[in-house]
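Peer 1: Data file data.tsv (TSV, C-alpha atoms and all ligand atoms) is appended below.
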```tsv
chain	number	residue	atom	x	y	z
A	13	MET	CA	22.38	142.38	-15.15
A	14	THR	CA	23.33	138.96	-13.84
A	15	THR	CA	23.49	135.80	-15.96
A	16	PRO	CA	20.74	133.37	-14.89
A	17	PRO	CA	22.08	129.96	-13.69
A	18	PRO	CA	21.92	127.22	-16.35
A	19	PRO	CA	18.69	125.25	-16.13
A	20	ARG	CA	19.09	122.05	-14.16
A	21	HIS	CA	18.17	118.85	-15.85
A	22	ARG	CA	15.49	116.91	-14.20
A	23	THR	CA	16.32	113.25	-14.05
A	24	THR	CA	13.36	112.30	-16.24
A	25	GLU	CA	14.45	114.55	-19.00
A	26	ILE	CA	15.73	112.87	-22.10
A	27	LEU	CA	19.10	114.13	-23.04
A	28	PRO	CA	20.15	114.53	-26.63
A	29	PRO	CA	22.65	111.79	-27.58
A	30	GLU	CA	25.61	114.13	-27.62
A	31	GLU	CA	25.03	114.82	-23.95
A	32	TRP	CA	24.67	111.17	-22.86
A	33	SER	CA	28.29	110.95	-21.83
A	34	GLY	CA	29.32	112.72	-18.72
A	35	ARG	CA	25.85	113.81	-17.77
A	36	GLY	CA	23.38	112.34	-15.43
A	37	ARG	CA	25.83	109.89	-13.89
A	38	THR	CA	24.22	107.62	-11.39
A	39	THR	CA	27.30	106.36	-9.60
A	40	GLU	CA	28.56	108.25	-6.65
A	41	SER	CA	31.71	107.55	-4.81
A	42	ILE	CA	31.06	106.67	-1.21
A	43	PRO	CA	33.62	107.84	1.29
A	44	PRO	CA	35.44	104.91	2.91
A	45	GLU	CA	34.15	105.70	6.39
A	46	THR	CA	30.60	104.95	5.24
A	47	TRP	CA	31.40	101.61	3.54
A	48	GLY	CA	30.17	99.63	6.51
A	49	ALA	CA	26.88	101.52	6.61
A	50	PRO	CA	23.79	100.46	4.65
A	51	PRO	CA	24.12	101.43	0.99
A	52	PRO	CA	22.55	104.77	0.16
A	53	THR	CA	20.09	103.16	-2.24
A	54	GLY	CA	17.81	102.40	0.70
A	55	ARG	CA	18.25	98.59	0.54
A	56	ARG	CA	19.09	97.17	3.93
A	57	ARG	CA	21.38	94.28	4.60
A	58	LEU	CA	20.00	90.88	5.60
A	59	THR	CA	20.22	89.93	9.24
A	60	PRO	CA	22.27	86.78	9.97
A	61	GLY	CA	19.00	84.92	10.66
A	62	GLU	CA	17.57	85.90	7.30
A	63	ARG	CA	20.82	84.94	5.59
A	64	THR	CA	20.69	81.49	7.18
A	65	THR	CA	17.06	81.01	6.09
A	66	LEU	CA	17.91	82.09	2.55
A	67	THR	CA	20.93	79.76	2.42
A	68	ILE	CA	18.85	76.81	3.63
A	69	THR	CA	16.07	77.57	1.13
A	70	LEU	CA	18.52	77.79	-1.77
A	71	ALA	CA	20.30	74.60	-0.67
A	72	ALA	CA	16.96	72.75	-0.45
A	73	LEU	CA	15.96	74.01	-3.90
A	74	LEU	CA	19.29	72.88	-5.38
A	75	ALA	CA	18.92	69.47	-3.72
A	76	VAL	CA	15.44	69.04	-5.22
A	77	LEU	CA	16.68	70.08	-8.68
A	78	ALA	CA	19.64	67.70	-8.40
A	79	ALA	CA	17.32	64.84	-7.38
A	80	ILE	CA	15.00	65.53	-10.34
A	81	ALA	CA	17.98	65.59	-12.73
A	82	LEU	CA	19.30	62.33	-11.27
A	83	LEU	CA	15.93	60.55	-11.53
A	84	ALA	CA	15.33	61.83	-15.06
A	85	GLY	CA	18.73	60.62	-16.22
A	86	ARG	CA	18.46	57.17	-14.64
A	87	PRO	CA	16.85	54.32	-16.53
A	88	ARG	CA	13.60	53.47	-14.84
A	89	ALA	CA	13.41	50.14	-13.07
A	90	ILE	CA	11.08	48.43	-15.51
A	91	GLN	CA	9.17	45.51	-14.12
A	92	GLY	CA	7.67	42.69	-16.05
A	93	ALA	CA	3.93	42.12	-16.02
A	94	MET	CA	2.25	39.44	-13.96
A	95	PRO	CA	2.10	36.36	-16.18
A	96	THR	CA	-1.25	35.23	-17.54
A	97	TRP	CA	-2.12	32.14	-19.59
A	98	GLU	CA	-3.23	34.40	-22.44
A	99	ALA	CA	0.25	35.89	-22.55
A	100	ILE	CA	2.18	32.62	-22.47
A	101	ALA	CA	-0.16	30.08	-24.10
A	102	PRO	CA	1.41	28.23	-27.04
A	103	PRO	CA	-0.36	28.54	-30.40
A	104	LEU	CA	-3.86	27.03	-30.37
A	105	GLU	CA	-2.97	24.32	-32.91
A	106	GLN	CA	-0.18	23.17	-30.59
A	107	PRO	CA	-1.43	20.56	-28.11
A	108	LEU	CA	0.08	20.76	-24.63
A	109	ALA	CA	2.74	18.17	-23.82
A	110	PRO	CA	2.18	16.00	-20.70
A	111	TRP	CA	4.51	18.04	-18.47
A	112	ARG	CA	5.34	16.49	-15.11
A	113	TRP	CA	7.88	18.83	-13.50
A	114	ILE	CA	8.90	22.44	-13.32
A	115	VAL	CA	12.69	22.61	-12.97
A	116	ILE	CA	14.09	25.87	-11.61
A	117	HIS	CA	17.53	27.13	-12.77
A	118	HIS	CA	19.64	30.25	-12.54
A	119	SER	CA	21.73	31.52	-15.45
A	120	ALA	CA	24.83	31.85	-13.17
A	121	GLY	CA	25.72	35.11	-14.92
A	122	ALA	CA	25.05	38.60	-13.57
A	123	ALA	CA	23.12	39.71	-16.65
A	124	GLY	CA	21.48	38.10	-19.63
A	125	ASP	CA	18.44	37.59	-21.80
A	126	THR	CA	16.78	34.90	-23.87
A	127	GLN	CA	18.71	35.74	-27.04
A	128	GLY	CA	22.05	35.70	-25.23
A	129	ILE	CA	21.42	32.31	-23.58
A	130	ASP	CA	20.10	31.03	-26.91
A	131	ARG	CA	23.38	31.95	-28.64
A	132	VAL	CA	25.53	30.39	-25.91
A	133	HIS	CA	23.56	27.13	-25.81
A	134	GLU	CA	23.68	26.84	-29.58
A	135	ARG	CA	27.36	27.67	-29.91
A	136	ASP	CA	28.84	25.99	-26.81
A	137	ASN	CA	26.47	23.06	-26.29
A	138	ARG	CA	25.59	22.48	-29.95
A	139	TRP	CA	21.91	22.40	-29.02
A	140	ASP	CA	19.30	23.73	-31.38
A	141	GLY	CA	18.98	26.76	-29.14
A	142	ILE	CA	18.21	27.79	-25.60
A	143	GLY	CA	17.61	24.74	-23.40
A	144	TYR	CA	14.93	26.34	-21.20
A	145	HIS	CA	11.24	26.89	-21.80
A	146	PHE	CA	11.03	30.18	-19.94
A	147	VAL	CA	13.44	32.92	-18.94
A	148	VAL	CA	12.69	35.32	-16.06
A	149	GLY	CA	14.60	38.62	-16.23
A	150	ASN	CA	16.49	40.38	-13.45
A	151	GLY	CA	16.45	43.88	-14.93
A	152	ARG	CA	19.75	43.38	-16.78
A	153	PRO	CA	18.67	43.85	-19.54
A	154	MET	CA	15.31	42.03	-19.45
A	155	PRO	CA	12.78	43.79	-17.19
A	156	MET	CA	12.87	42.68	-13.57
A	157	GLY	CA	10.53	39.70	-13.36
A	158	GLY	CA	9.78	39.92	-17.08
A	159	ILE	CA	8.94	36.52	-18.53
A	160	GLU	CA	9.80	35.26	-22.01
A	161	ALA	CA	8.70	31.94	-23.46
A	162	THR	CA	11.23	30.28	-25.75
A	163	PHE	CA	10.79	28.24	-28.94
A	164	ARG	CA	10.77	25.07	-26.80
A	165	TRP	CA	7.64	26.19	-24.95
A	166	ARG	CA	5.89	27.56	-28.03
A	167	GLY	CA	6.54	24.29	-29.86
A	168	GLN	CA	5.92	22.17	-26.73
A	169	ARG	CA	9.31	20.59	-27.30
A	170	PRO	CA	11.45	18.76	-24.72
A	171	GLY	CA	13.97	20.88	-22.84
A	172	ALA	CA	17.75	20.65	-22.72
A	173	HIS	CA	18.35	21.77	-19.17
A	174	ALA	CA	18.23	18.84	-16.74
A	175	GLY	CA	21.46	17.09	-17.73
A	176	PRO	CA	22.84	14.71	-20.35
A	177	GLY	CA	22.54	11.46	-18.38
A	178	ALA	CA	19.91	8.75	-18.77
A	179	GLU	CA	18.57	9.55	-15.30
A	180	GLN	CA	17.95	13.12	-16.33
A	181	ARG	CA	16.29	12.34	-19.63
A	182	PRO	CA	12.72	12.25	-18.25
A	183	TYR	CA	13.32	15.69	-16.71
A	184	ASN	CA	14.28	17.07	-20.10
A	185	GLN	CA	11.39	15.27	-21.81
A	186	ALA	CA	8.72	16.26	-19.31
A	187	GLY	CA	10.29	19.06	-17.28
A	188	ILE	CA	9.51	22.69	-17.99
A	189	GLY	CA	12.83	24.50	-17.54
A	190	ILE	CA	12.53	27.96	-16.01
A	191	CYS	CA	15.74	29.99	-15.85
A	192	LEU	CA	16.10	33.01	-13.58
A	193	VAL	CA	18.66	35.38	-15.07
A	194	GLY	CA	21.33	36.11	-12.48
A	195	ASP	CA	24.08	34.47	-10.48
A	196	TYR	CA	22.53	33.32	-7.23
A	197	SER	CA	25.49	31.30	-6.01
A	198	VAL	CA	25.96	33.74	-3.14
A	199	THR	CA	23.01	36.16	-3.13
A	200	ALA	CA	19.28	35.54	-3.40
A	201	PRO	CA	17.21	36.91	-6.28
A	202	ASP	CA	15.15	40.08	-6.07
A	203	PRO	CA	11.70	39.45	-4.50
A	204	VAL	CA	10.02	40.65	-7.73
A	205	GLN	CA	11.87	38.09	-9.84
A	206	GLU	CA	11.05	35.41	-7.27
A	207	ARG	CA	7.35	36.37	-7.19
A	208	ARG	CA	6.98	36.46	-10.98
A	209	THR	CA	8.57	33.01	-11.18
A	210	ALA	CA	6.07	31.72	-8.60
A	211	GLU	CA	3.16	33.29	-10.50
A	212	LEU	CA	4.35	31.62	-13.69
A	213	CYS	CA	4.46	28.28	-11.85
A	214	ALA	CA	0.91	28.89	-10.55
A	215	VAL	CA	-0.43	29.64	-14.04
A	216	LEU	CA	1.26	26.50	-15.42
A	217	ILE	CA	-0.08	24.33	-12.57
A	218	HIS	CA	-3.59	25.73	-13.08
A	219	GLN	CA	-3.55	24.93	-16.82
A	220	ILE	CA	-1.66	21.65	-16.84
A	221	PRO	CA	-3.33	18.93	-14.73
A	222	THR	CA	-0.19	16.76	-14.54
A	223	LEU	CA	1.69	19.51	-12.67
A	224	SER	CA	1.48	20.32	-8.97
A	225	LEU	CA	3.23	22.48	-6.38
A	226	SER	CA	5.31	19.53	-5.14
A	227	ARG	CA	6.62	19.08	-8.68
A	228	ILE	CA	8.41	22.43	-8.64
A	229	ILE	CA	11.99	21.27	-8.13
A	230	ARG	CA	15.51	22.64	-8.10
A	231	HIS	CA	17.86	21.62	-10.89
A	232	GLY	CA	20.01	20.02	-8.18
A	233	GLU	CA	17.09	17.75	-7.22
A	234	VAL	CA	17.09	16.04	-10.60
A	235	PRO	CA	18.32	12.47	-9.92
A	236	GLY	CA	22.00	11.95	-10.54
A	237	LYS	CA	22.61	15.63	-11.21
A	238	GLN	CA	25.40	17.07	-9.09
A	239	THR	CA	24.78	20.80	-9.29
A	240	ALA	CA	24.25	23.70	-6.92
A	241	CYS	CA	21.88	25.26	-9.51
A	242	PRO	CA	19.82	27.39	-8.81
A	243	GLY	CA	21.97	28.46	-5.85
A	244	MET	CA	20.18	30.68	-3.34
A	245	VAL	CA	16.90	30.60	-5.27
A	246	ASP	CA	14.49	29.24	-2.66
A	247	THR	CA	12.10	26.78	-4.32
A	248	GLU	CA	10.32	26.27	-0.98
A	249	ARG	CA	9.37	29.94	-1.06
A	250	ILE	CA	8.44	29.76	-4.76
A	251	ARG	CA	6.03	26.91	-3.90
A	252	PHE	CA	4.60	29.01	-1.05
A	253	LEU	CA	4.09	32.06	-3.29
A	254	ALA	CA	2.65	29.91	-6.09
A	255	ARG	CA	0.14	28.40	-3.64
A	256	GLN	CA	-0.81	31.92	-2.54
A	257	HIS	CA	-1.34	32.95	-6.17
A	258	LEU	CA	-3.52	29.90	-6.86
A	259	GLU	CA	-5.64	30.44	-3.73
A	260	GLN	CA	-6.10	34.18	-4.36
A	261	ARG	CA	-7.61	33.33	-7.75
A	262	GLY	CA	-9.82	30.60	-6.40
A	263	TRP	CA	-7.83	28.02	-8.36
A	264	THR	CA	-7.13	24.57	-6.96
A	265	ALA	CA	-3.84	24.59	-5.06
A	266	ARG	CA	-2.68	21.05	-5.62
B	1	ZN	ZN	20.37	24.59	-13.84
```
Represent the structure contained in this file as structure tokens.
Peer 2:
Amino acid sequence: MTTPPPPRHRTTEILPPEEWSGRGRTTESIPPETWGAPPPTGRRRLTPGERTTLTITLAALLAVLAAIALLAGRPRAIQGAMPTWEAIAPPLEQPLAPWRWIVIHHSAGAAGDTQGIDRVHERDNRWDGIGYHFVVGNGRPMPMGGIEATFRWRGQRPGAHAGPGAEQRPYNQAGIGICLVGDYSVTAPDPVQERRTAELCAVLIHQIPTLSLSRIIRHGEVPGKQTACPGMVDTERIRFLARQHLEQRGWTAR
């Protein structure tokens, strides 16, 4: 009588825990001469062409993910709204002053906002606050082309922006001072900041009969005022854009 061979375990059979070790091993050592051959699992290697395609696909995917991460982490370029009279009108009980000029300035600093200029003018010039009536942002930190009216505009008070001399007094008394944040001694302002400034001029001209396109002037055009302000800000172009804005709305371009 011969001893029957021990029953062979089928691979699906569940082994009792004590037999888990040493039984049913799945790894097999492959003889070195077959290392270069396709693995015995049946998976084939990628052809060089397929590898290139896969590499390109993965690289493209990574580039897209990197771009999304970069855009998500970057502060969005916020732009100011197009100015309307409703947004800038002084309080109803405040009658409009007889404005005769719009005087364009630059802040001559790379960044800034109304509060910052207000502090400087109060501290350094001993004025009762910011000398301008409006400030137009350059995105640092005010939104690009964002417009803020100051206490001088809201109260229809004279400006402190044209200069201290007697010749400049009328331009402080009757000149609306608009300051573009930025140093435009060497470079020109962003087109958005320029356009918003022109739109503001158009709205002011439309509402105030004593103003006109030809009365948009550079600070340096104030009589007796030796200044390069507002640098590369092109008031000729601001007049052109303001005229365009007036005409597009069917307002009188005077
Ligand atoms: Zn100026």
Peer 1: List as an MDAnalysis selection string the protein and nucleic acid residues lying within 10 Å of ligand ZN 1 (chain B), with only C-alpha atoms and all ligand atoms counted.
Peer 2: chainID A and resid 115:120 143:144 173:175 189:192 230:232 234 237 239:243
Peer 1: Have a look at A:Ile142, A:Gln260, A:Arg112, A:Pro103 and name the one nearest to A:Ser226; count all atoms listed in the file.
Peer 2: A:Arg112
Peer 1: For a quick check of understanding, using only C-alpha atoms, which of A:Thr209, A:Thr162, A:Gln238, A:Gln219 has the smallest distance to A:Leu253?
Peer 2: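 For A:Leu253, the nearest of the candidates is A:Thr209.
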Peer 1: What's the separation between atom CA of A:Pro176 and atom CA of A:Glu134, in Å to one decimal place?
Peer 2: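 We find that atom CA of A:Pro176 and atom CA of A:Glu134 lie 15.3 Å from each other.
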Peer 1: Just checking: using all atoms listed in the file, which residue out of A:Asp246, A:Trp111, A:Asp140, A:Ile100 ends up closest to A:Leu212?
Peer 2: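 Among the listed residues, A:Ile100 lies closest to A:Leu212.
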Peer 1: Atom CA of A:Gly157 and atom CA of A:Thr96, how far apart in Å?
Peer 2: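 These two atoms are separated by 13.3 Å.
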Peer 1: What does the distance between atom CA of A:Pro203 and atom CA of A:Gly151 come to in Å, to one decimal place?
Peer 2: 12.3 Å
Peer 1: Choose the residue, out of A:Gln91, A:Gln256, A:Thr199, A:Asn184, that has the smallest atom-to-atom separation from A:Arg152; count all atoms listed in the file.
Peer 2: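 Among A:Gln91, A:Gln256, A:Thr199, A:Asn184, it is A:Gln91 that comes nearest to A:Arg152.
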Peer 1: Would you pull stretch 132-231 of chain A out of the block just shown and save C-alpha atoms as a compact mmCIF listing (two decimals), in the first residue's frame?
Peer 2:
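Below is the file out-v2.txt, written as the result:
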```
# COMPACT_ATOMS: atom_id res chain seq x y z
CA VAL A 132 1.68 112.47 3.82
CA HIS A 133 -0.06 115.71 2.83
CA GLU A 134 -1.26 116.26 6.37
CA ARG A 135 2.06 115.46 8.02
CA ASP A 136 4.56 116.93 5.52
CA ASN A 137 2.58 119.81 4.03
CA ARG A 138 0.50 120.64 7.10
CA TRP A 139 -2.62 120.65 4.94
CA ASP A 140 -5.92 119.48 6.32
CA GLY A 141 -5.51 116.30 4.32
CA ILE A 142 -5.02 115.02 0.81
CA GLY A 143 -4.75 117.91 -1.66
CA TYR A 144 -6.53 116.16 -4.55
CA HIS A 145 -10.21 115.65 -5.24
CA PHE A 146 -9.83 112.23 -6.83
CA VAL A 147 -7.28 109.44 -6.75
CA VAL A 148 -7.03 106.84 -9.54
CA GLY A 149 -5.37 103.57 -8.50
CA ASN A 150 -2.68 101.62 -10.33
CA GLY A 151 -3.31 98.23 -8.72
CA ARG A 152 -0.84 98.87 -5.88
CA PRO A 153 -2.83 98.59 -3.65
CA MET A 154 -5.90 100.39 -5.02
CA PRO A 155 -7.53 98.48 -7.90
CA MET A 156 -6.16 99.33 -11.33
CA GLY A 157 -8.21 102.28 -12.54
CA GLY A 158 -10.22 102.32 -9.30
CA ILE A 159 -11.44 105.81 -8.46
CA GLU A 160 -11.81 107.31 -5.00
CA ALA A 161 -13.28 110.71 -4.24
CA THR A 162 -11.66 112.54 -1.33
CA PHE A 163 -13.14 114.79 1.37
CA ARG A 164 -12.34 117.80 -0.84
CA TRP A 165 -14.66 116.55 -3.59
CA ARG A 166 -17.40 115.40 -1.24
CA GLY A 167 -17.36 118.79 0.49
CA GLN A 168 -16.80 120.69 -2.80
CA ARG A 169 -13.79 122.31 -1.18
CA PRO A 170 -10.85 123.96 -2.97
CA GLY A 171 -7.88 121.72 -3.70
CA ALA A 172 -4.28 121.95 -2.51
CA HIS A 173 -2.51 120.59 -5.55
CA ALA A 174 -1.71 123.34 -8.05
CA GLY A 175 1.00 125.17 -6.12
CA PRO A 176 1.44 127.72 -3.34
CA GLY A 177 1.92 130.83 -5.50
CA ALA A 178 -0.63 133.56 -6.23
CA GLU A 179 -0.69 132.51 -9.89
CA GLN A 180 -1.71 129.02 -8.91
CA ARG A 181 -4.40 130.02 -6.45
CA PRO A 182 -7.25 130.00 -9.00
CA TYR A 183 -6.24 126.48 -10.00
CA ASN A 184 -6.55 125.33 -6.41
CA GLN A 185 -9.81 127.24 -5.93
CA ALA A 186 -11.47 126.08 -9.14
CA GLY A 187 -9.35 123.15 -10.30
CA ILE A 188 -10.41 119.57 -9.68
CA GLY A 189 -7.18 117.74 -8.82
CA ILE A 190 -7.00 114.18 -10.13
CA CYS A 191 -3.99 112.15 -9.03
CA LEU A 192 -2.93 108.99 -10.83
CA VAL A 193 -1.10 106.73 -8.38
CA GLY A 194 2.30 105.83 -9.83
CA ASP A 195 5.60 107.33 -10.84
CA TYR A 196 5.31 108.26 -14.49
CA SER A 197 8.55 110.19 -14.73
CA VAL A 198 9.94 107.55 -17.09
CA THR A 199 7.12 105.14 -17.98
CA ALA A 200 3.55 105.76 -19.07
CA PRO A 201 0.57 104.60 -17.00
CA ASP A 202 -1.35 101.41 -17.72
CA PRO A 203 -4.03 101.92 -20.42
CA VAL A 204 -6.75 100.94 -17.92
CA GLN A 205 -5.70 103.65 -15.47
CA GLU A 206 -5.51 106.14 -18.33
CA ARG A 207 -8.97 105.17 -19.63
CA ARG A 208 -10.65 105.34 -16.21
CA THR A 209 -9.15 108.80 -15.70
CA ALA A 210 -10.56 109.91 -19.06
CA GLU A 211 -13.99 108.46 -18.20
CA LEU A 212 -13.95 110.35 -14.91
CA CYS A 213 -13.13 113.56 -16.81
CA ALA A 214 -16.01 112.85 -19.23
CA VAL A 215 -18.50 112.34 -16.39
CA LEU A 216 -17.33 115.58 -14.71
CA ILE A 217 -17.55 117.54 -17.98
CA HIS A 218 -21.04 116.17 -18.64
CA GLN A 219 -22.29 117.22 -15.19
CA ILE A 220 -20.46 120.51 -14.71
CA PRO A 221 -21.22 123.07 -17.45
CA THR A 222 -18.17 125.23 -16.67
CA LEU A 223 -15.82 122.36 -17.59
CA SER A 224 -14.74 121.29 -21.06
CA LEU A 225 -12.24 118.96 -22.73
CA SER A 226 -9.80 121.82 -23.36
CA ARG A 227 -9.79 122.52 -19.62
CA ILE A 228 -8.18 119.18 -18.82
CA ILE A 229 -4.62 120.31 -18.12
CA ARG A 230 -1.34 118.95 -16.83
CA HIS A 231 -0.09 120.16 -13.47
```
